[in-house]
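Visitor: Supplied structure: work01.cif, mmCIF, C-alpha atoms; chains and numbers go by the auth columns.
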data_coords
#
loop_
_atom_site.group_PDB
_atom_site.id
_atom_site.type_symbol
_atom_site.label_atom_id
_atom_site.label_comp_id
_atom_site.label_asym_id
_atom_site.label_seq_id
_atom_site.Cartn_x
_atom_site.Cartn_y
_atom_site.Cartn_z
_atom_site.B_iso_or_equiv
_atom_site.auth_seq_id
_atom_site.auth_asym_id
ATOM 1 C CA MET A 1 -0.562 16.502 -0.587 0.00 1 A
ATOM 2 C CA ALA A 2 2.685 14.684 -1.248 0.00 2 A
ATOM 3 C CA LYS A 3 5.654 15.051 1.113 0.00 3 A
ATOM 4 C CA THR A 4 9.117 14.123 -0.071 0.00 4 A
ATOM 5 C CA THR A 5 11.482 12.442 2.375 0.00 5 A
ATOM 6 C CA LYS A 6 14.756 11.593 0.666 0.00 6 A
ATOM 7 C CA LEU A 7 13.626 9.414 -2.231 0.00 7 A
ATOM 8 C CA THR A 8 10.277 8.307 -0.849 0.00 8 A
ATOM 9 C CA VAL A 9 7.114 10.276 -1.441 0.00 9 A
ATOM 10 C CA GLU A 10 4.362 10.067 1.170 0.00 10 A
ATOM 11 C CA PHE A 11 0.726 10.939 0.544 0.00 11 A
ATOM 12 C CA ASP A 12 -1.986 11.968 2.994 0.00 12 A
ATOM 13 C CA ILE A 13 -5.391 10.292 3.006 0.00 13 A
ATOM 14 C CA GLU A 14 -8.367 10.301 5.384 0.00 14 A
ATOM 15 C CA VAL A 15 -10.242 7.111 6.212 0.00 15 A
ATOM 16 C CA ASP A 16 -13.219 7.290 8.577 0.00 16 A
ATOM 17 C CA ALA A 17 -12.124 10.828 9.628 0.00 17 A
ATOM 18 C CA ASP A 18 -8.659 9.587 10.705 0.00 18 A
ATOM 19 C CA PRO A 19 -5.543 10.924 8.937 0.00 19 A
ATOM 20 C CA TYR A 20 -3.163 8.354 7.441 0.00 20 A
ATOM 21 C CA VAL A 21 0.078 8.576 5.482 0.00 21 A
ATOM 22 C CA TRP A 22 0.882 6.073 2.731 0.00 22 A
ATOM 23 C CA ARG A 23 3.698 5.405 0.272 0.00 23 A
ATOM 24 C CA LEU A 24 4.451 2.915 -2.461 0.00 24 A
ATOM 25 C CA HIS A 25 6.776 0.474 -0.702 0.00 25 A
ATOM 26 C CA ARG A 26 7.394 -1.979 -3.557 0.00 26 A
ATOM 27 C CA LEU A 27 6.528 -2.110 -7.241 0.00 27 A
ATOM 28 C CA PRO A 28 4.913 -5.248 -8.701 0.00 28 A
ATOM 29 C CA GLN A 29 7.424 -7.969 -9.617 0.00 29 A
ATOM 30 C CA TRP A 30 6.823 -10.643 -12.250 0.00 30 A
ATOM 31 C CA ASN A 31 8.686 -13.879 -12.881 0.00 31 A
ATOM 32 C CA TYR A 32 8.136 -17.044 -14.903 0.00 32 A
ATOM 33 C CA ASP A 33 7.795 -18.958 -11.646 0.00 33 A
ATOM 34 C CA PRO A 34 4.337 -18.134 -10.202 0.00 34 A
ATOM 35 C CA SER A 35 5.600 -18.471 -6.628 0.00 35 A
ATOM 36 C CA GLU A 36 8.078 -15.638 -7.274 0.00 36 A
ATOM 37 C CA ARG A 37 5.456 -13.113 -8.420 0.00 37 A
ATOM 38 C CA HIS A 38 4.664 -10.258 -6.055 0.00 38 A
ATOM 39 C CA GLY A 39 2.166 -7.439 -6.267 0.00 39 A
ATOM 40 C CA LYS A 40 2.579 -3.831 -5.295 0.00 40 A
ATOM 41 C CA VAL A 41 2.953 -3.112 -1.588 0.00 41 A
ATOM 42 C CA LEU A 42 1.737 0.033 0.151 0.00 42 A
ATOM 43 C CA ALA A 43 3.186 1.087 3.504 0.00 43 A
ATOM 44 C CA VAL A 44 0.508 2.816 5.593 0.00 44 A
ATOM 45 C CA ARG A 45 0.618 4.384 9.040 0.00 45 A
ATOM 46 C CA HIS A 46 -1.579 6.648 11.121 0.00 46 A
ATOM 47 C CA LYS A 47 -0.345 10.220 11.023 0.00 47 A
ATOM 48 C CA GLU A 48 0.080 10.219 14.820 0.00 48 A
ATOM 49 C CA GLY A 49 1.142 6.569 15.140 0.00 49 A
ATOM 50 C CA GLN A 50 4.295 4.582 14.526 0.00 50 A
ATOM 51 C CA ARG A 51 3.116 1.102 13.535 0.00 51 A
ATOM 52 C CA GLU A 52 2.994 0.460 9.809 0.00 52 A
ATOM 53 C CA ALA A 53 0.825 -1.891 7.830 0.00 53 A
ATOM 54 C CA LEU A 54 2.315 -3.329 4.652 0.00 54 A
ATOM 55 C CA ILE A 55 -0.651 -3.935 2.363 0.00 55 A
ATOM 56 C CA GLU A 56 0.146 -6.294 -0.522 0.00 56 A
ATOM 57 C CA PHE A 57 -1.992 -6.534 -3.640 0.00 57 A
ATOM 58 C CA PRO A 58 -1.943 -9.438 -6.130 0.00 58 A
ATOM 59 C CA PRO A 59 0.588 -9.097 -8.992 0.00 59 A
ATOM 60 C CA GLY A 60 -1.992 -8.773 -11.766 0.00 60 A
ATOM 61 C CA PRO A 61 -1.127 -9.126 -15.463 0.00 61 A
ATOM 62 C CA LYS A 62 2.394 -8.499 -16.681 0.00 62 A
ATOM 63 C CA PRO A 63 2.714 -5.111 -18.418 0.00 63 A
ATOM 64 C CA LYS A 64 3.478 -4.837 -22.125 0.00 64 A
ATOM 65 C CA PHE A 65 7.008 -4.145 -23.303 0.00 65 A
ATOM 66 C CA SER A 66 8.215 -0.560 -22.758 0.00 66 A
ATOM 67 C CA ALA A 67 5.341 0.211 -20.383 0.00 67 A
ATOM 68 C CA PRO A 68 6.310 2.874 -17.838 0.00 68 A
ATOM 69 C CA PRO A 69 6.626 1.731 -14.203 0.00 69 A
ATOM 70 C CA LEU A 70 3.733 2.217 -11.808 0.00 70 A
ATOM 71 C CA LYS A 71 3.576 5.626 -10.145 0.00 71 A
ATOM 72 C CA PRO A 72 1.850 6.252 -6.809 0.00 72 A
ATOM 73 C CA SER A 73 -0.391 8.861 -8.435 0.00 73 A
ATOM 74 C CA GLN A 74 -1.848 6.110 -10.665 0.00 74 A
ATOM 75 C CA ILE A 75 -3.335 4.231 -7.696 0.00 75 A
ATOM 76 C CA PRO A 76 -6.939 5.372 -7.076 0.00 76 A
ATOM 77 C CA GLU A 77 -7.590 6.837 -3.621 0.00 77 A
ATOM 78 C CA ARG A 78 -10.766 4.761 -3.186 0.00 78 A
ATOM 79 C CA ILE A 79 -8.711 1.544 -3.448 0.00 79 A
ATOM 80 C CA ILE A 80 -6.179 2.843 -0.913 0.00 80 A
ATOM 81 C CA ALA A 81 -8.950 3.884 1.497 0.00 81 A
ATOM 82 C CA LYS A 82 -10.639 0.488 1.110 0.00 82 A
ATOM 83 C CA ALA A 83 -7.317 -1.308 1.706 0.00 83 A
ATOM 84 C CA ILE A 84 -6.704 0.696 4.900 0.00 84 A
ATOM 85 C CA ALA A 85 -10.216 -0.101 6.138 0.00 85 A
ATOM 86 C CA SER A 86 -9.599 -3.801 5.349 0.00 86 A
ATOM 87 C CA ALA A 87 -6.324 -3.714 7.303 0.00 87 A
ATOM 88 C CA ILE A 88 -8.105 -2.277 10.339 0.00 88 A
ATOM 89 C CA GLU A 89 -10.829 -4.942 10.040 0.00 89 A
ATOM 90 C CA ALA A 90 -8.124 -7.620 9.867 0.00 90 A
ATOM 91 C CA GLY A 91 -6.778 -6.521 13.251 0.00 91 A
ATOM 92 C CA TRP A 92 -4.185 -3.826 12.527 0.00 92 A
ATOM 93 C CA GLU A 93 -4.100 -1.305 15.360 0.00 93 A
ATOM 94 C CA PRO A 94 -2.554 1.822 13.819 0.00 94 A
ATOM 95 C CA LEU A 95 -1.890 3.640 17.110 0.00 95 A
ATOM 96 C CA SER A 96 -0.140 0.693 18.779 0.00 96 A
ATOM 97 C CA ARG A 97 3.591 0.003 18.733 0.00 97 A
ATOM 98 C CA GLY A 98 5.374 -2.983 17.261 0.00 98 A
ATOM 99 C CA LYS A 99 6.541 -4.605 14.067 0.00 99 A
ATOM 100 C CA PRO A 100 4.877 -3.794 10.755 0.00 100 A
ATOM 101 C CA VAL A 101 1.850 -5.937 9.984 0.00 101 A
ATOM 102 C CA VAL A 102 1.604 -7.569 6.544 0.00 102 A
ATOM 103 C CA ILE A 103 -1.917 -7.753 5.128 0.00 103 A
ATOM 104 C CA TYR A 104 -2.913 -9.280 1.789 0.00 104 A
ATOM 105 C CA VAL A 105 -5.858 -7.780 -0.086 0.00 105 A
ATOM 106 C CA ASP A 106 -7.451 -8.322 -3.497 0.00 106 A
ATOM 107 C CA GLU A 107 -7.063 -5.928 -6.429 0.00 107 A
ATOM 108 C CA GLU A 108 -9.947 -3.794 -5.106 0.00 108 A
ATOM 109 C CA GLY A 109 -8.442 -3.468 -1.616 0.00 109 A
ATOM 110 C CA ALA A 110 -10.958 -5.715 0.157 0.00 110 A
#
Would you mind writing the file's structure down as structure tokens?

Guide:
Amino acid sequence: MAKTTKLTVEFDIEVDADPYVWRLHRLPQWNYDPSERHGKVLAVRHKEGQREALIEFPPGPKPKFSAPPLKPSQIPERIIAKAIASAIEAGWEPLSRGKPVVIYVDEEGA
């Protein structure tokens, strides 16, 4: 179920029987300079926690001209669940306090 907060839309997801909330934090960005290319970023937090994980995916191929921008509903839930599990494996503690943790994953969320 999507919840709207101002302009951001948050979605609920369960991973290993724990409830999480995620949103699309940044759209993919392409540039001619490869060091300036960025993939999509998801902001994830435990429903009862405060600490966020910013999960960044690789930029992937540049879209064709006049392609519509990426929508959160186009991201498969299995990839999001796998990315959250990878963030926890990498050391993110969702119920702790502190700065957001940035985690880089591949296009499949591993």

Visitor: Give me, as a list in words, all polymer residues having an atom no more than 9 Å from segment 92-106 of chain A, counting only C-alpha atoms and skipping those fewer than 3 positions away in the same chain.

Guide: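 Near segment 92-106 of chain A, the qualifying residues are Ala43, Val44, Arg45, His46, Glu48, Gly49, Gln50, Arg51, Glu52, Ala53, Leu54, Ile55, Glu56, Phe57, Pro58, Ala83, Ser86, Ala87, Ile88, Glu89, Gly109 and Ala110 of chain A.
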
Visitor: With C-alpha atoms kept, could you save the residues just selected as a short mmCIF file (atom, residue, chain, number, x, y, z; two decimals), in the frame of the given file?

Guide:
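Output below, filename out.cif:
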data_model
loop_
_atom_site.label_atom_id
_atom_site.label_comp_id
_atom_site.auth_asym_id
_atom_site.auth_seq_id
_atom_site.Cartn_x
_atom_site.Cartn_y
_atom_site.Cartn_z
CA ALA A 43 3.19 1.09 3.50
CA VAL A 44 0.51 2.82 5.59
CA ARG A 45 0.62 4.38 9.04
CA HIS A 46 -1.58 6.65 11.12
CA GLU A 48 0.08 10.22 14.82
CA GLY A 49 1.14 6.57 15.14
CA GLN A 50 4.30 4.58 14.53
CA ARG A 51 3.12 1.10 13.54
CA GLU A 52 2.99 0.46 9.81
CA ALA A 53 0.82 -1.89 7.83
CA LEU A 54 2.32 -3.33 4.65
CA ILE A 55 -0.65 -3.94 2.36
CA GLU A 56 0.15 -6.29 -0.52
CA PHE A 57 -1.99 -6.53 -3.64
CA PRO A 58 -1.94 -9.44 -6.13
CA ALA A 83 -7.32 -1.31 1.71
CA SER A 86 -9.60 -3.80 5.35
CA ALA A 87 -6.32 -3.71 7.30
CA ILE A 88 -8.10 -2.28 10.34
CA GLU A 89 -10.83 -4.94 10.04
CA GLY A 109 -8.44 -3.47 -1.62
CA ALA A 110 -10.96 -5.72 0.16
#

Visitor: Evaluate the PyMOL selection byres ((chain A and resi 12-22) around 8) here and jot the selected residues down as a count of residues only.

Guide: 16

Visitor: Could you tell me how far atom CA of Asn31 of chain A lies from atom CA of Pro63 of chain A, in Å and to one decimal?

Guide: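 According to the coordinates, atom CA of Asn31 of chain A and atom CA of Pro63 of chain A are separated by 12.0 Å.
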
Visitor: Hey, which of A:Glu108, A:Lys71, A:Phe65, A:Pro59 ends up closest to Glu36 of chain A? Count all atoms listed in the file.

Guide: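 Of A:Glu108, A:Lys71, A:Phe65, A:Pro59, the one nearest Glu36 of chain A, counting all atoms listed in the file, is A:Pro59.
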
Visitor: In Å, how far is it from atom CA of Ser73 of chain A to atom CA of Ala90 of chain A?

Guide: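 Here the two named atoms are 25.8 Å from each other.
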
Visitor: Taking all atoms listed in the file into account, which of A:Leu70, A:Val41, A:Ile79, A:Val9 comes nearest His25 of chain A?

Guide: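 The closest residue to His25 of chain A is A:Val41.
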
Visitor: Let me have the centre and edge lengths in Å, one decimal, of the box along x, y and z around every listed atom of segment 76-95 of chain A with 6 Å of margin on each side, as AutoDock Vina command-line options.

Guide:
--center_x -6.4 --center_y -0.4 --center_z 5.0 --size_x 20.9 --size_y 26.5 --size_z 36.2

Visitor: Measure the distance from atom CA of Ile80 of chain A to atom CA of Tyr32 of chain A in Å and round it to one decimal.

Guide: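 Computed distance, atom CA of Ile80 of chain A to atom CA of Tyr32 of chain A, equals 28.2 Å.
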
Visitor: Quick one: segment 24-41 of chain A with N, CA and C atoms, as a CSV table (one decimal), in the frame of the given file?

Guide:
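Dumped everything to selection_6.csv:
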chain,number,residue,atom,x,y,z
A,24,LEU,N,4.3,4.1,-1.7
A,24,LEU,CA,4.5,2.9,-2.5
A,24,LEU,C,5.7,2.3,-2.0
A,25,HIS,N,5.6,1.1,-1.3
A,25,HIS,CA,6.8,0.5,-0.7
A,25,HIS,C,7.5,-0.4,-1.7
A,26,ARG,N,6.8,-1.1,-2.6
A,26,ARG,CA,7.4,-2.0,-3.6
A,26,ARG,C,6.5,-2.0,-4.8
A,27,LEU,N,7.2,-2.0,-6.0
A,27,LEU,CA,6.5,-2.1,-7.2
A,27,LEU,C,6.2,-3.6,-7.5
A,28,PRO,N,5.2,-3.9,-8.4
A,28,PRO,CA,4.9,-5.2,-8.7
A,28,PRO,C,6.1,-5.9,-9.4
A,29,GLN,N,6.3,-7.2,-9.1
A,29,GLN,CA,7.4,-8.0,-9.6
A,29,GLN,C,6.9,-9.2,-10.3
A,30,TRP,N,7.3,-9.5,-11.5
A,30,TRP,CA,6.8,-10.6,-12.2
A,30,TRP,C,8.0,-11.6,-12.5
A,31,ASN,N,7.7,-12.9,-12.6
A,31,ASN,CA,8.7,-13.9,-12.9
A,31,ASN,C,8.0,-15.0,-13.6
A,32,TYR,N,8.7,-15.9,-14.3
A,32,TYR,CA,8.1,-17.0,-14.9
A,32,TYR,C,7.6,-18.0,-13.9
A,33,ASP,N,8.2,-18.1,-12.7
A,33,ASP,CA,7.8,-19.0,-11.6
A,33,ASP,C,6.7,-18.3,-10.9
A,34,PRO,N,5.5,-18.8,-10.9
A,34,PRO,CA,4.3,-18.1,-10.2
A,34,PRO,C,4.6,-17.9,-8.7
A,35,SER,N,5.4,-18.7,-8.1
A,35,SER,CA,5.6,-18.5,-6.6
A,35,SER,C,6.5,-17.3,-6.4
A,36,GLU,N,7.2,-16.8,-7.4
A,36,GLU,CA,8.1,-15.6,-7.3
A,36,GLU,C,7.4,-14.3,-7.7
A,37,ARG,N,6.1,-14.3,-8.0
A,37,ARG,CA,5.5,-13.1,-8.4
A,37,ARG,C,4.9,-12.4,-7.2
A,38,HIS,N,5.1,-11.1,-7.2
A,38,HIS,CA,4.7,-10.3,-6.1
A,38,HIS,C,3.9,-9.0,-6.6
A,39,GLY,N,2.9,-8.6,-5.9
A,39,GLY,CA,2.2,-7.4,-6.3
A,39,GLY,C,2.7,-6.2,-5.6
A,40,LYS,N,2.1,-5.1,-5.9
A,40,LYS,CA,2.6,-3.8,-5.3
A,40,LYS,C,2.3,-3.9,-3.8
A,41,VAL,N,3.1,-3.2,-3.0
A,41,VAL,CA,3.0,-3.1,-1.6
A,41,VAL,C,2.9,-1.6,-1.2
